[in-house]
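Novice: Sharing my_file32.tsv below, TSV, C-alpha atoms:
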chain	number	residue	atom	x	y	z
A	1	MET	CA	-27.67	48.25	50.93
A	2	LYS	CA	-27.35	48.18	54.71
A	3	GLU	CA	-29.90	45.36	54.80
A	4	ARG	CA	-27.92	43.39	52.24
A	5	LEU	CA	-24.73	43.84	54.23
A	6	LYS	CA	-26.45	42.39	57.29
A	7	PHE	CA	-27.32	39.19	55.41
A	8	ILE	CA	-23.78	38.91	54.00
A	9	LEU	CA	-22.41	39.29	57.53
A	10	ILE	CA	-24.75	36.60	58.88
A	11	GLY	CA	-23.50	34.43	56.01
A	12	VAL	CA	-19.85	35.01	56.86
A	13	ILE	CA	-20.38	34.10	60.52
A	14	GLY	CA	-22.30	30.91	59.68
A	15	GLY	CA	-19.78	30.06	56.96
A	16	LEU	CA	-16.86	30.35	59.39
A	17	ALA	CA	-18.60	27.89	61.72
A	18	SER	CA	-19.48	25.61	58.81
A	19	GLY	CA	-15.90	25.24	57.58
A	20	LEU	CA	-14.42	24.95	61.06
A	21	LEU	CA	-16.85	22.31	62.28
A	22	GLY	CA	-17.83	20.52	59.06
A	23	ILE	CA	-21.49	21.32	59.63
A	24	GLY	CA	-24.01	23.12	57.45
A	25	GLY	CA	-24.18	26.32	59.45
A	26	GLY	CA	-27.90	26.21	60.13
A	27	LEU	CA	-27.14	26.24	63.86
A	28	VAL	CA	-25.81	29.76	63.35
A	29	PHE	CA	-28.07	31.01	60.54
A	30	VAL	CA	-31.40	30.14	62.13
A	31	PRO	CA	-30.99	32.00	65.45
A	32	LEU	CA	-29.29	34.99	63.75
A	33	LEU	CA	-32.05	35.32	61.14
A	34	ILE	CA	-34.73	35.16	63.83
A	35	THR	CA	-32.99	37.68	66.11
A	36	TYR	CA	-31.56	40.17	63.62
A	37	ALA	CA	-33.76	39.86	60.53
A	38	ALA	CA	-37.15	39.24	62.20
A	39	TYR	CA	-37.59	35.93	60.37
A	40	SER	CA	-40.12	33.38	61.58
A	41	GLN	CA	-38.78	29.99	62.66
A	42	LYS	CA	-40.03	28.43	59.41
A	43	GLU	CA	-38.61	31.15	57.12
A	44	ALA	CA	-35.28	30.98	58.93
A	45	HIS	CA	-35.15	27.20	58.56
A	46	ALA	CA	-36.01	27.28	54.84
A	47	THR	CA	-33.71	30.18	53.95
A	48	SER	CA	-30.85	28.70	55.95
A	49	LEU	CA	-31.11	25.48	53.91
A	50	GLY	CA	-30.68	27.52	50.74
A	51	ALA	CA	-27.61	29.31	52.07
A	52	ILE	CA	-26.01	26.07	53.27
A	53	ILE	CA	-25.73	24.74	49.69
A	54	PRO	CA	-23.04	27.15	48.39
A	55	ALA	CA	-21.21	27.11	51.75
A	56	GLY	CA	-21.19	23.30	51.72
A	57	ILE	CA	-19.90	23.17	48.15
A	58	ALA	CA	-17.06	25.61	48.88
A	59	GLY	CA	-16.11	23.83	52.11
A	60	ALA	CA	-16.33	20.32	50.64
A	61	LEU	CA	-14.15	21.32	47.66
A	62	ILE	CA	-11.44	22.83	49.87
A	63	TYR	CA	-11.46	19.81	52.20
A	64	ASN	CA	-11.20	17.63	49.09
A	65	LEU	CA	-8.22	19.59	47.72
A	66	ASN	CA	-6.49	18.85	51.01
A	67	GLY	CA	-7.33	15.15	50.77
A	68	LEU	CA	-9.82	15.38	53.63
A	69	ASN	CA	-12.86	13.61	52.22
A	70	SER	CA	-14.17	11.13	49.71
A	71	PHE	CA	-17.23	12.05	47.70
A	72	THR	CA	-18.32	8.40	47.41
A	73	ASP	CA	-18.51	8.03	51.20
A	74	SER	CA	-20.46	11.30	51.34
A	75	ALA	CA	-22.83	10.03	48.65
A	76	TYR	CA	-23.75	6.98	50.77
A	77	LEU	CA	-24.23	9.16	53.83
A	78	ALA	CA	-26.42	11.54	51.83
A	79	LEU	CA	-28.47	8.69	50.38
A	80	GLY	CA	-29.17	7.36	53.87
A	81	GLY	CA	-29.74	10.89	55.12
A	82	ILE	CA	-32.32	11.80	52.47
A	83	LEU	CA	-34.23	8.59	53.13
A	84	GLY	CA	-34.04	9.07	56.89
A	85	ALA	CA	-35.21	12.68	56.67
A	86	GLN	CA	-38.40	11.54	54.93
A	87	ILE	CA	-39.11	9.22	57.85
A	88	GLY	CA	-37.98	11.67	60.53
A	89	SER	CA	-39.92	14.69	59.32
A	90	ARG	CA	-43.13	12.63	59.15
A	91	ALA	CA	-42.51	11.07	62.55
A	92	MET	CA	-41.94	14.54	64.02
A	93	TYR	CA	-45.65	15.24	64.12
A	94	LYS	CA	-46.44	11.91	65.76
A	95	PHE	CA	-43.86	11.57	68.50
A	96	SER	CA	-42.53	15.05	69.04
A	97	ASN	CA	-42.32	15.44	72.79
A	98	LYS	CA	-40.13	16.80	75.52
A	99	LYS	CA	-39.01	13.44	76.84
A	100	LEU	CA	-37.67	12.32	73.46
A	101	ARG	CA	-35.84	15.61	73.01
A	102	LYS	CA	-34.27	15.37	76.43
A	103	SER	CA	-33.16	11.76	75.95
A	104	PHE	CA	-31.60	12.67	72.63
A	105	GLY	CA	-29.84	15.56	74.38
A	106	VAL	CA	-28.39	13.06	76.85
A	107	PHE	CA	-27.20	10.91	73.93
A	108	LEU	CA	-25.43	13.91	72.34
A	109	PHE	CA	-23.99	14.81	75.75
A	110	ILE	CA	-22.42	11.35	76.07
A	111	MET	CA	-21.06	11.56	72.51
A	112	SER	CA	-19.48	14.96	73.21
A	113	ILE	CA	-17.67	13.61	76.29
A	114	ARG	CA	-16.68	10.36	74.57
A	115	MET	CA	-15.11	12.29	71.69
A	116	VAL	CA	-12.47	13.95	73.83
A	117	LEU	CA	-11.60	10.84	75.84
A	118	PRO	CA	-8.55	8.96	74.52
B	1	MET	CA	-19.02	-3.18	54.88
B	2	SER	CA	-18.16	0.51	55.20
B	3	ILE	CA	-20.76	1.33	52.53
B	4	LEU	CA	-23.42	-0.19	54.75
B	5	THR	CA	-22.09	1.67	57.82
B	6	PHE	CA	-22.23	4.99	55.93
B	7	LEU	CA	-25.79	4.24	54.78
B	8	VAL	CA	-26.91	3.35	58.31
B	9	ILE	CA	-25.26	6.44	59.85
B	10	GLY	CA	-26.89	8.55	57.13
B	11	LEU	CA	-30.29	6.99	57.75
B	12	PHE	CA	-30.03	7.45	61.51
B	13	THR	CA	-28.86	11.06	61.04
B	14	GLY	CA	-31.72	11.81	58.65
B	15	ILE	CA	-34.36	10.39	60.99
B	16	ILE	CA	-33.03	12.23	64.05
B	17	SER	CA	-32.41	15.56	62.33
B	18	GLY	CA	-35.83	15.38	60.66
B	19	MET	CA	-37.50	14.71	64.00
B	20	MET	CA	-35.53	17.11	66.16
B	21	GLY	CA	-34.73	19.86	63.67
B	22	VAL	CA	-31.03	19.48	64.51
B	23	GLY	CA	-28.44	19.83	61.77
B	24	GLY	CA	-27.09	16.54	60.43
B	25	GLY	CA	-23.42	17.40	60.92
B	26	LEU	CA	-23.72	17.37	64.70
B	27	ILE	CA	-24.89	13.75	64.52
B	28	MET	CA	-22.93	12.21	61.68
B	29	ILE	CA	-19.51	13.63	62.57
B	30	PRO	CA	-19.37	12.07	66.06
B	31	ALA	CA	-20.88	8.88	64.62
B	32	MET	CA	-18.07	8.60	62.03
B	33	VAL	CA	-15.40	9.46	64.59
B	34	LEU	CA	-16.67	7.10	67.31
B	35	PHE	CA	-18.03	4.16	65.31
B	36	MET	CA	-15.77	4.17	62.24
B	37	SER	CA	-12.57	5.62	63.76
B	38	ILE	CA	-12.40	8.24	61.01
B	39	PRO	CA	-10.11	11.18	61.96
B	40	GLN	CA	-12.00	14.33	63.00
B	41	SER	CA	-10.85	16.46	60.03
B	42	MET	CA	-11.79	13.73	57.53
B	43	ALA	CA	-15.20	13.21	59.18
B	44	GLN	CA	-15.84	16.96	58.87
B	45	GLY	CA	-14.94	16.90	55.17
B	46	ILE	CA	-17.17	13.89	54.48
B	47	SER	CA	-20.00	15.55	56.41
B	48	LEU	CA	-19.74	18.80	54.43
B	49	ALA	CA	-19.97	17.02	51.09
B	50	ALA	CA	-22.94	14.95	52.31
B	51	ILE	CA	-24.74	18.07	53.55
B	52	VAL	CA	-24.86	19.54	50.01
B	53	PRO	CA	-27.31	17.04	48.42
B	54	ILE	CA	-29.29	16.74	51.67
B	55	SER	CA	-29.85	20.51	51.95
B	56	LEU	CA	-30.52	20.71	48.23
B	57	MET	CA	-33.46	18.32	48.68
B	58	GLY	CA	-34.74	20.24	51.70
B	59	ALA	CA	-34.26	23.63	50.09
B	60	TRP	CA	-36.14	22.52	46.97
B	61	VAL	CA	-39.20	21.53	49.01
B	62	HIS	CA	-39.18	24.89	50.83
B	63	PHE	CA	-38.55	26.78	47.59
B	64	LYS	CA	-41.69	25.29	46.05
B	65	LYS	CA	-43.71	26.10	49.17
B	66	GLY	CA	-42.36	29.66	49.15
B	67	GLY	CA	-40.62	29.65	52.56
B	68	LEU	CA	-37.16	30.19	51.10
B	69	LYS	CA	-36.45	33.92	50.90
B	70	LYS	CA	-34.26	35.60	48.28
B	71	ASP	CA	-31.92	36.83	51.03
B	72	ALA	CA	-30.45	33.31	50.88
B	73	ILE	CA	-28.34	34.56	47.94
B	74	TRP	CA	-26.56	37.15	50.13
B	75	ILE	CA	-26.27	34.82	53.10
B	76	GLY	CA	-24.89	32.13	50.79
B	77	LEU	CA	-22.38	34.57	49.32
B	78	GLY	CA	-21.09	35.53	52.76
B	79	ALA	CA	-21.11	31.88	53.80
B	80	VAL	CA	-18.87	30.89	50.88
B	81	VAL	CA	-16.31	33.45	52.07
B	82	GLY	CA	-16.54	32.29	55.69
B	83	ALA	CA	-16.46	28.57	54.89
B	84	SER	CA	-13.50	28.99	52.53
B	85	ILE	CA	-11.45	30.72	55.23
B	86	THR	CA	-11.98	28.11	57.95
B	87	SER	CA	-11.85	25.10	55.60
B	88	SER	CA	-8.43	26.27	54.39
B	89	ILE	CA	-6.94	26.33	57.89
B	90	ILE	CA	-8.21	22.85	58.87
B	91	PRO	CA	-5.13	20.94	57.53
B	92	TYR	CA	-2.92	23.09	59.76
B	93	MET	CA	-4.89	22.43	62.93
B	94	PRO	CA	-4.11	19.48	65.23
B	95	ILE	CA	-6.83	16.80	65.24
B	96	SER	CA	-7.03	16.99	69.04
B	97	THR	CA	-7.81	20.72	68.89
B	98	LEU	CA	-10.51	20.16	66.27
B	99	LYS	CA	-12.03	17.46	68.45
B	100	ILE	CA	-12.13	19.71	71.51
B	101	ILE	CA	-13.74	22.60	69.58
B	102	PHE	CA	-16.32	20.26	68.05
B	103	SER	CA	-17.20	18.53	71.30
B	104	LEU	CA	-17.65	21.88	73.08
B	105	VAL	CA	-20.17	22.95	70.44
B	106	LEU	CA	-21.87	19.56	70.68
B	107	LEU	CA	-21.93	19.82	74.48
B	108	TYR	CA	-23.61	23.24	74.26
B	109	PHE	CA	-26.41	21.93	72.02
B	110	ALA	CA	-26.81	18.77	74.12
B	111	LEU	CA	-27.25	20.83	77.29
B	112	ARG	CA	-29.67	23.17	75.54
B	113	MET	CA	-31.79	20.19	74.51
B	114	ILE	CA	-31.73	18.72	77.99
B	115	LEU	CA	-32.47	21.96	79.84
B	116	LYS	CA	-35.05	23.55	77.53
Written as structure tokens, that's how I'd like the structure from this file.
Specialist:
Amino acid sequence: MKERLKFILIGVIGGLASGLLGIGGGLVFVPLLITYAAYSQKEAHATSLGAIIPAGIAGALIYNLNGLNSFTDSAYLALGGILGAQIGSRAMYKFSNKKLRKSFGVFLFIMSIRMVLP
Amino acid sequence: MSILTFLVIGLFTGIISGMMGVGGGLIMIPAMVLFMSIPQSMAQGISLAAIVPISLMGAWVHFKKGGLKKDAIWIGLGAVVGASITSSIIPYMPISTLKIIFSLVLLYFALRMILK
């Protein structure tokens, strides 16, 4: 029972972030599962993907009720995303290195600054 | 035109998140906001709905391989509660506030990638 409560709590925290930011919540689930539930990186990643599905459905429906999305646009994004993930996850083993990670970090850094500029 | 832009952003997001293990939302939301001038709240809503089929595909692969644990049910249950709360307050939050919160989170993950 206590164990179950821990997972529900992890879910609530990730869900709050998911709805607020429009993201899946994996950013929250993965580290919490590793730290507080002794999950391996792989288990945390896989289990987090499963938990993201209901959270995403709930969030997407509420955003939709408030006129804040269009499922057709999302469908095109998802189509591209699924295709891209096939390429990306295969490429991961070939080019995964520190330099690439750092340069992508710089790219995200620039995007984060650019977003708040008028 | 916008169909193609959505496809390209999706493709780019999929490649990057597959390679880096970063969630797609962190990439596609700023891309929609910066390159398509979609308001922050709308971009978040579009991202959430796109994440559902993408994670479904990923989760299915892991489910077959056995990496997906049953605890996902309880995490998912809690996550529905959490996501419903914050999604409901989004329409009452100013776009500029949403943007600042999002970019701070993005900044944190960018710095972590650069420094680690």
Novice: Atom CA of A:Gly15 and atom CA of B:Ser84 are how many Å apart?
Specialist: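 Rounded to one decimal, the two atoms are 7.8 Å apart.
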Novice: Select residues of chain A: the criterion is any atom within 6 Å of an atom of chain B, counting all atoms listed in the file; output as a ChimeraX atom specification.
Specialist: /A:7-8,11-12,15-16,18-20,22-23,43,46-47,49-51,53-56,58-60,63,68-69,74,76-78,80-82,84-85,87-89,92,102,105,108-109,112
Novice: Quick one: 6 Å padding each side, axis-aligned, all listed atoms of stretch 74-78 of chain B - centre and edge lengths in Å to one decimal, as AutoDock Vina command-line options?
Specialist:
--center_x -23.8 --center_y 34.6 --center_z 51.2 --size_x 17.5 --size_y 17.0 --size_z 15.8
Novice: Can you pull out the residues contacting stretch 27-29 of chain A? Cut-off 7 Å, using all atoms listed in the file, and skip same-chain residues under 5 positions away; I want them as a PyMOL selection string.
Specialist: (chain A and resi 10+14+48) or (chain B and resi 23)
Novice: So what do you get for atom CA of A:Gly26 versus atom CA of A:Tyr39, distance-wise?
Specialist: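 We find that atom CA of A:Gly26 and atom CA of A:Tyr39 lie 13.7 Å from each other.
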